[in-house]
Amino acid sequence: MKLRAGTRGVITLILVCLAWIGCGSPSKNVPPTVVEPTDPSQLTPPPSGGGVQMMTDAFTVPAGEELQACYFFKVSDLLQANGMDPTQPLELHRIQVVQKPGSHHMNLFRVRTIVNLDPASGSPQVGIDGMGQCFVSSNWADWPLVANTQIEGDEDWSYPDGVANEIDPSETLMLQTHYVNAATQGTPDGVGQVGIDLYSMDPTTVQYQMGTIFATNQSIRICEGNPTPTYSASCQINSPSPVTIVGANGHFHSRGTEFDMYTWDGMSTTTPPESDRFYQSLTWAEPPMLHSPQLEQAVPANGGVWYTCSYQWDDPDTATNAVDTCATLNTIDANKYMTPPAQQDCCYTFGSQVDVNEHCNAFIYYYPKQDNVNCF
Amino acid sequence: MAVFTVPAALTACSPAGGSGADDGGPPEPCPVGFLGDEAGAPDFDMQVLEADETVAALNDGDSVPMILPPQGGRVIFVGVRATNVDGCGLQLTGALRDLTTNEVRVDSRTVNLIDTGDGYGVSGTPDTAASTAIASFSNIPVCPNEWSPTNIYGTLYGVEVTIQDREGRSLTKKIQVTPECGQPQYLAQCLCICKGGYVLGESCADGGGE
């Protein structure tokens, strides 16, 4: 049985308590047990000189709302704040993310071309219910991915030995957090918060850089008249030598029934064989995050990833307890996509809002890096 | 070049219009049904969504526009005008192939065709809102160009389209086209992100293209 991260943390805490009780008192013979943090407030920053920490506010997520906040961090400021040389790159080797329950996703991007989401306009920049620039995905179309997670509680990943993801002090990072307190997903405490520790490694021991892939299948529609669609797309890594995938997770909303990723030869136009599948998610709300050492999947030279999302349309009236109806979806379709009444079909359209939109996003981590890749 | 298959068992006994209320099953939510002759071989012509949001026939040797989709990058929208297939739940696969490296970019999606009343169904008609129609076209993701060593624009590439209906009838056709940056208002960015050797996040402030 796969335990949710928060559950694992509670069990660890119980085991520590039992060890204490069983021994009567702490003993020099009992090794210290590391307790997984279940709340960002419990996240211990890396030791001075050993990395940096990013922490959001604890923000309110009112009932019935979706909130997406974009926080910006200048890397040189982060380095300086934790006793590191603000002129030298951070060789990221271990990342620990802790989120309060209710998080829909957390994405960490490197800021590049500024369109309508400008760090100079302040941090955080908050969108509500799909409105606001923090919800407009074209704003970060060429921003390379650094990290992501979709689970509450603790996600702690050390990259393979010798692998780092170099972050330059001149860069600005965007931490994007999406909390949902609506019909198909809730925020139990009504409060969201994210903490991230980026641990560095000795630059002289770095052998390989890590590359990332952020892929989105656009223009998807899950409609009453086409209720079980499947969307597939491909994404090359463009490496003349084989690479190894060491991290992967897929993202869709509640109509999603199956998310698959396969290694792919870069030339075929059909779904790769089952033997090449390295990721499968059957749970939209807490999709598995696979990473090394459990995931180490070779990709052939000039190959890449093939990913597939399958959906089952459901009646919004039922799914949201009548908060949303087909009329709601049709209104969104008309306003956002200018779809005339005759072509409206109670469709969940491409977008970020969990109750009324759908996504098909793949997040992949590999080495040695050729480039960070975005596939749209 | 075209390759098609028709499952032998279907040529004689497949129900017209698929399952539905007539055979006691749940109501068929897709009203299109079968298009053309069930005993006939599937066939299609290609369509492309133009930058001015019109739908045009796509033929061998044509130019095709690369268009800015909702999330960014550039996409070629390739659809079909098909007959002798089930128009509901059709799997439409489109690909752009680099004729030098043989690498492809692929998009495959389940669509309902629009019945035009002449035995054919199409991805888009002149009165279909473009932003709606794009979901029924294969959205072939071609830029940012981190896959093909040459500029996507102005270079000859292969387009490969496959349709497969719910009963397994399938057909593949291949042509050659020349992609172009289709929207003058976004020309500089298109020339930048679609050039050979583009690096994700590089400055396109001056256009960056050639």
# chains A, B, ... in the order shown; residues from 1 in each chain; ligands from 1
call {"tool": "residues_around", "arguments": {"residues": "A:Gly351", "least_positions_apart": "2", "cutoff": "10 Å", "atoms": "only C-alpha atoms", "output": "PyMOL selection string"}}
result
(chain A and resi 130+135-137+218-221+253+348-349+353-354+356-360) or (chain B and resi 70-71)
call {"tool": "select_by_dssp", "arguments": {"residues": "stretch 37-194 of chain B", "states": "strand (DSSP E or B)", "output": "MDAnalysis selection string"}}
result
chainID B and resid 43:49 55:58 63:67 74:83 85:86 90:98 104:111 114:115 120:122 138:143 157:164 170:181
call {"tool": "write_last_selection", "arguments": {"atoms": "C-alpha atoms", "output": "PDB file, in the first residue's frame"}}
result
ATOM      1  CA  ASP B  43     -10.388   7.779 -47.188  1.00  0.00           C
ATOM      2  CA  PHE B  44      -9.569  11.348 -46.277  1.00  0.00           C
ATOM      3  CA  ASP B  45      -8.117  14.590 -47.496  1.00  0.00           C
ATOM      4  CA  MET B  46      -6.052  16.776 -45.202  1.00  0.00           C
ATOM      5  CA  GLN B  47      -7.174  20.128 -43.874  1.00  0.00           C
ATOM      6  CA  VAL B  48      -5.144  22.894 -42.281  1.00  0.00           C
ATOM      7  CA  LEU B  49      -6.207  25.741 -40.060  1.00  0.00           C
ATOM      8  CA  VAL B  55      -9.968  26.035 -42.908  1.00  0.00           C
ATOM      9  CA  ALA B  56      -8.274  25.064 -46.169  1.00  0.00           C
ATOM     10  CA  ALA B  57      -7.369  21.880 -48.004  1.00  0.00           C
ATOM     11  CA  LEU B  58      -3.774  20.778 -47.439  1.00  0.00           C
ATOM     12  CA  SER B  63       3.020  25.895 -47.167  1.00  0.00           C
ATOM     13  CA  VAL B  64       1.526  25.454 -43.710  1.00  0.00           C
ATOM     14  CA  PRO B  65       1.222  28.128 -41.036  1.00  0.00           C
ATOM     15  CA  MET B  66       2.725  27.724 -37.584  1.00  0.00           C
ATOM     16  CA  ILE B  67       0.292  29.330 -35.151  1.00  0.00           C
ATOM     17  CA  ARG B  74       3.942  27.141 -32.226  1.00  0.00           C
ATOM     18  CA  VAL B  75       1.598  24.481 -33.513  1.00  0.00           C
ATOM     19  CA  ILE B  76       0.538  23.261 -36.950  1.00  0.00           C
ATOM     20  CA  PHE B  77      -3.160  22.415 -36.958  1.00  0.00           C
ATOM     21  CA  VAL B  78      -3.839  19.523 -39.335  1.00  0.00           C
ATOM     22  CA  GLY B  79      -7.315  18.049 -39.745  1.00  0.00           C
ATOM     23  CA  VAL B  80      -9.151  15.764 -42.116  1.00  0.00           C
ATOM     24  CA  ARG B  81     -12.133  15.516 -44.443  1.00  0.00           C
ATOM     25  CA  ALA B  82     -12.888  11.819 -44.149  1.00  0.00           C
ATOM     26  CA  THR B  83     -15.356   9.254 -45.435  1.00  0.00           C
ATOM     27  CA  VAL B  85     -15.372   5.854 -41.206  1.00  0.00           C
ATOM     28  CA  ASP B  86     -17.224   6.201 -37.932  1.00  0.00           C
ATOM     29  CA  LEU B  90     -12.057   8.997 -34.317  1.00  0.00           C
ATOM     30  CA  GLN B  91      -8.389   8.900 -33.325  1.00  0.00           C
ATOM     31  CA  LEU B  92      -6.598  11.554 -35.364  1.00  0.00           C
ATOM     32  CA  THR B  93      -2.807  11.481 -35.357  1.00  0.00           C
ATOM     33  CA  GLY B  94      -0.680  14.140 -37.003  1.00  0.00           C
ATOM     34  CA  ALA B  95       3.088  14.329 -37.215  1.00  0.00           C
ATOM     35  CA  LEU B  96       5.741  16.581 -38.690  1.00  0.00           C
ATOM     36  CA  ARG B  97       8.860  14.707 -39.771  1.00  0.00           C
ATOM     37  CA  ASP B  98      12.323  16.136 -40.323  1.00  0.00           C
ATOM     38  CA  VAL B 104       9.022  13.544 -35.733  1.00  0.00           C
ATOM     39  CA  ARG B 105       6.787  15.605 -33.511  1.00  0.00           C
ATOM     40  CA  VAL B 106       3.440  13.916 -32.892  1.00  0.00           C
ATOM     41  CA  ASP B 107      -0.014  14.797 -31.589  1.00  0.00           C
ATOM     42  CA  SER B 108      -2.810  12.244 -31.365  1.00  0.00           C
ATOM     43  CA  ARG B 109      -6.321  12.935 -30.128  1.00  0.00           C
ATOM     44  CA  THR B 110      -9.857  11.554 -30.092  1.00  0.00           C
ATOM     45  CA  VAL B 111     -12.254  13.729 -32.096  1.00  0.00           C
ATOM     46  CA  ILE B 114     -18.581  17.318 -38.258  1.00  0.00           C
ATOM     47  CA  ASP B 115     -21.003  15.674 -40.686  1.00  0.00           C
ATOM     48  CA  TYR B 120     -17.959  13.063 -45.360  1.00  0.00           C
ATOM     49  CA  GLY B 121     -17.037  14.457 -41.988  1.00  0.00           C
ATOM     50  CA  VAL B 122     -14.540  17.213 -41.311  1.00  0.00           C
ATOM     51  CA  SER B 138      -4.111  17.494 -34.613  1.00  0.00           C
ATOM     52  CA  ASN B 139      -2.095  20.121 -32.721  1.00  0.00           C
ATOM     53  CA  ILE B 140       1.390  19.197 -33.984  1.00  0.00           C
ATOM     54  CA  PRO B 141       3.797  20.919 -31.572  1.00  0.00           C
ATOM     55  CA  VAL B 142       6.732  22.146 -33.622  1.00  0.00           C
ATOM     56  CA  CYS B 143       8.227  25.055 -31.632  1.00  0.00           C
ATOM     57  CA  TYR B 157       9.163  18.642 -43.877  1.00  0.00           C
ATOM     58  CA  GLY B 158       6.926  15.613 -44.029  1.00  0.00           C
ATOM     59  CA  VAL B 159       3.372  15.645 -42.695  1.00  0.00           C
ATOM     60  CA  GLU B 160       1.921  12.278 -41.766  1.00  0.00           C
ATOM     61  CA  VAL B 161      -1.722  11.864 -40.801  1.00  0.00           C
ATOM     62  CA  THR B 162      -3.415   8.714 -39.549  1.00  0.00           C
ATOM     63  CA  ILE B 163      -7.083   8.206 -38.755  1.00  0.00           C
ATOM     64  CA  GLN B 164      -8.440   5.211 -36.903  1.00  0.00           C
ATOM     65  CA  SER B 170      -7.484   3.097 -40.345  1.00  0.00           C
ATOM     66  CA  LEU B 171      -5.645   4.988 -43.021  1.00  0.00           C
ATOM     67  CA  THR B 172      -2.345   6.855 -43.148  1.00  0.00           C
ATOM     68  CA  LYS B 173      -1.308   9.491 -45.697  1.00  0.00           C
ATOM     69  CA  LYS B 174       1.958  11.329 -46.089  1.00  0.00           C
ATOM     70  CA  ILE B 175       2.764  14.556 -47.902  1.00  0.00           C
ATOM     71  CA  GLN B 176       5.534  17.146 -47.865  1.00  0.00           C
ATOM     72  CA  VAL B 177       4.992  20.739 -46.831  1.00  0.00           C
ATOM     73  CA  THR B 178       6.924  23.878 -45.946  1.00  0.00           C
ATOM     74  CA  PRO B 179       6.056  25.410 -42.553  1.00  0.00           C
ATOM     75  CA  GLU B 180       5.997  29.192 -42.307  1.00  0.00           C
ATOM     76  CA  CYS B 181       5.477  31.644 -39.489  1.00  0.00           C
TER      77      CYS B 181
END
call {"tool": "atom_distance", "arguments": {"atom1": "atom CA of B:Asp62", "atom2": "atom CA of B:Thr155"}}
result
11.6 Å
call {"tool": "residues_around", "arguments": {"residues": "stretch 184-198 of chain B", "least_positions_apart": "2", "cutoff": "9 Å", "atoms": "only C-alpha atoms", "output": "ChimeraX atom specification"}}
result
/B:66-68,73-74,142-153,181-182,200-210
call {"tool": "write_last_selection", "arguments": {"atoms": "N, CA and C atoms", "output": "CSV table (one decimal), in the first residue's frame"}}
result
chain,number,residue,atom,x,y,z
B,66,MET,N,2.5,28.1,-39.0
B,66,MET,CA,2.7,27.7,-37.6
B,66,MET,C,2.0,28.8,-36.8
B,67,ILE,N,1.2,28.4,-35.8
B,67,ILE,CA,0.3,29.3,-35.2
B,67,ILE,C,0.5,29.3,-33.6
B,68,LEU,N,0.4,30.4,-33.0
B,68,LEU,CA,0.5,30.5,-31.5
B,68,LEU,C,-0.7,29.9,-30.9
B,73,GLY,N,4.5,28.6,-27.6
B,73,GLY,CA,5.1,27.8,-28.7
B,73,GLY,C,4.4,28.0,-30.0
B,74,ARG,N,4.6,27.1,-30.9
B,74,ARG,CA,3.9,27.1,-32.2
B,74,ARG,C,3.5,25.7,-32.6
B,142,VAL,N,5.5,22.1,-32.9
B,142,VAL,CA,6.7,22.1,-33.6
B,142,VAL,C,7.8,23.1,-33.0
B,143,CYS,N,7.3,24.1,-32.3
B,143,CYS,CA,8.2,25.1,-31.6
B,143,CYS,C,7.8,25.3,-30.2
B,144,PRO,N,8.7,25.5,-29.2
B,144,PRO,CA,10.1,25.8,-29.5
B,144,PRO,C,10.8,24.6,-30.1
B,145,ASN,N,11.7,25.0,-31.0
B,145,ASN,CA,12.4,24.0,-31.8
B,145,ASN,C,13.7,23.6,-31.1
B,146,GLU,N,13.5,22.5,-30.3
B,146,GLU,CA,14.6,21.9,-29.6
B,146,GLU,C,14.8,20.5,-30.1
B,147,TRP,N,14.3,20.3,-31.3
B,147,TRP,CA,14.4,18.9,-31.8
B,147,TRP,C,14.9,18.8,-33.2
B,148,SER,N,14.7,19.8,-34.1
B,148,SER,CA,15.1,19.7,-35.5
B,148,SER,C,16.3,20.7,-35.7
B,149,PRO,N,17.4,20.2,-36.3
B,149,PRO,CA,18.6,21.1,-36.4
B,149,PRO,C,18.5,22.2,-37.4
B,150,THR,N,17.4,22.2,-38.2
B,150,THR,CA,17.3,23.2,-39.2
B,150,THR,C,16.2,24.2,-38.8
B,151,ASN,N,16.1,25.4,-39.4
B,151,ASN,CA,15.0,26.2,-39.1
B,151,ASN,C,13.7,25.5,-39.6
B,152,ILE,N,12.7,25.6,-38.7
B,152,ILE,CA,11.4,24.9,-39.2
B,152,ILE,C,10.8,25.6,-40.3
B,153,TYR,N,10.9,27.0,-40.3
B,153,TYR,CA,10.3,27.8,-41.3
B,153,TYR,C,11.1,27.7,-42.6
B,181,CYS,N,6.0,30.9,-40.6
B,181,CYS,CA,5.5,31.6,-39.5
B,181,CYS,C,4.2,32.3,-40.0
B,182,GLY,N,3.1,31.9,-39.4
B,182,GLY,CA,1.8,32.3,-40.0
B,182,GLY,C,1.2,33.6,-39.6
B,200,LEU,N,16.0,26.9,-25.0
B,200,LEU,CA,14.8,27.4,-24.2
B,200,LEU,C,15.2,28.5,-23.3
B,201,GLY,N,14.5,29.6,-23.5
B,201,GLY,CA,14.6,30.8,-22.6
B,201,GLY,C,15.6,31.8,-23.1
B,202,GLU,N,16.2,31.5,-24.3
B,202,GLU,CA,17.1,32.5,-24.8
B,202,GLU,C,16.4,33.8,-25.2
B,203,SER,N,17.1,34.9,-25.2
B,203,SER,CA,16.4,36.2,-25.4
B,203,SER,C,15.9,36.2,-26.9
B,204,CYS,N,14.6,36.5,-27.0
B,204,CYS,CA,14.1,36.7,-28.4
B,204,CYS,C,13.7,38.2,-28.5
B,205,ALA,N,14.2,39.0,-27.7
B,205,ALA,CA,13.8,40.4,-27.7
B,205,ALA,C,14.0,41.1,-29.1
B,206,ASP,N,15.1,40.7,-29.7
B,206,ASP,CA,15.4,41.3,-31.0
B,206,ASP,C,14.9,40.4,-32.2
B,207,GLY,N,14.1,39.5,-31.8
B,207,GLY,CA,13.6,38.5,-32.8
B,207,GLY,C,14.4,37.3,-32.8
B,208,GLY,N,15.7,37.4,-32.8
B,208,GLY,CA,16.5,36.2,-32.7
B,208,GLY,C,16.6,35.3,-33.9
B,209,GLY,N,15.7,35.6,-34.8
B,209,GLY,CA,15.7,34.8,-36.0
B,209,GLY,C,16.8,35.2,-37.0
B,210,GLU,N,16.7,34.6,-38.2
B,210,GLU,CA,17.7,34.9,-39.2
B,210,GLU,C,17.1,35.7,-40.4
call {"tool": "residues_around", "arguments": {"residues": "B:Cys88", "least_positions_apart": "3", "cutoff": "9 Å", "atoms": "only C-alpha atoms", "output": "ChimeraX atom specification"}}
result
/A:225-226 /B:17-18,30-34,85,110-113,165-166
call {"tool": "residues_around", "arguments": {"residues": "stretch 302-304 of chain A", "least_positions_apart": "5", "cutoff": "8 Å", "atoms": "only C-alpha atoms", "output": "list in words"}}
result
Ser234, Cys235, Gln236, Ile237, Asn238, Ser239, Pro240, Ser241, Pro242, Thr263, Trp264, Asp265, Gly266 and Met267 of chain A
call {"tool": "residues_around", "arguments": {"residues": "A:Leu290", "least_positions_apart": "3", "cutoff": "7 Å", "atoms": "only C-alpha atoms", "output": "number ranges by chain"}}
result
A: 247-249, 295
call {"tool": "write_last_selection", "arguments": {"atoms": "C-alpha atoms", "output": "compact mmCIF listing (two decimals), in the first residue's frame"}}
result
# COMPACT_ATOMS: atom_id res chain seq x y z
CA GLY A 247 12.10 11.66 -12.16
CA ALA A 248 8.56 11.86 -13.57
CA ASN A 249 5.02 12.80 -12.68
CA LEU A 295 13.11 5.24 -11.41
call {"tool": "select_by_dssp", "arguments": {"residues": "chain B", "states": "alpha helix (DSSP H)", "output": "list in words"}}
result
Leu10, Thr11, Ala12, Cys13, Ala130, Ser131, Thr132, Ala133, Leu187, Ala188, Gln189, Cys190, Leu191, Cys192 and Ile193 of chain B
call {"tool": "closest_residue", "arguments": {"among": "A:Thr177, A:Thr113, A:Ser170, A:Thr331", "to": "chain B", "atoms": "only C-alpha atoms"}}
result
A:Thr113
call {"tool": "closest_residue", "arguments": {"among": "B:Ala41, B:Leu35, B:Ile134, B:Ala51", "to": "chain A", "atoms": "only C-alpha atoms"}}
result
B:Ile134
call {"tool": "closest_residue", "arguments": {"among": "A:Thr212, A:Gln53, A:Gln207, A:Thr149", "to": "A:Arg110", "atoms": "only C-alpha atoms"}}
result
A:Thr212
call {"tool": "closest_residue", "arguments": {"among": "B:Asn59, B:Ser131, B:Ser136, B:Ser123", "to": "chain A", "atoms": "only C-alpha atoms"}}
result
B:Ser131
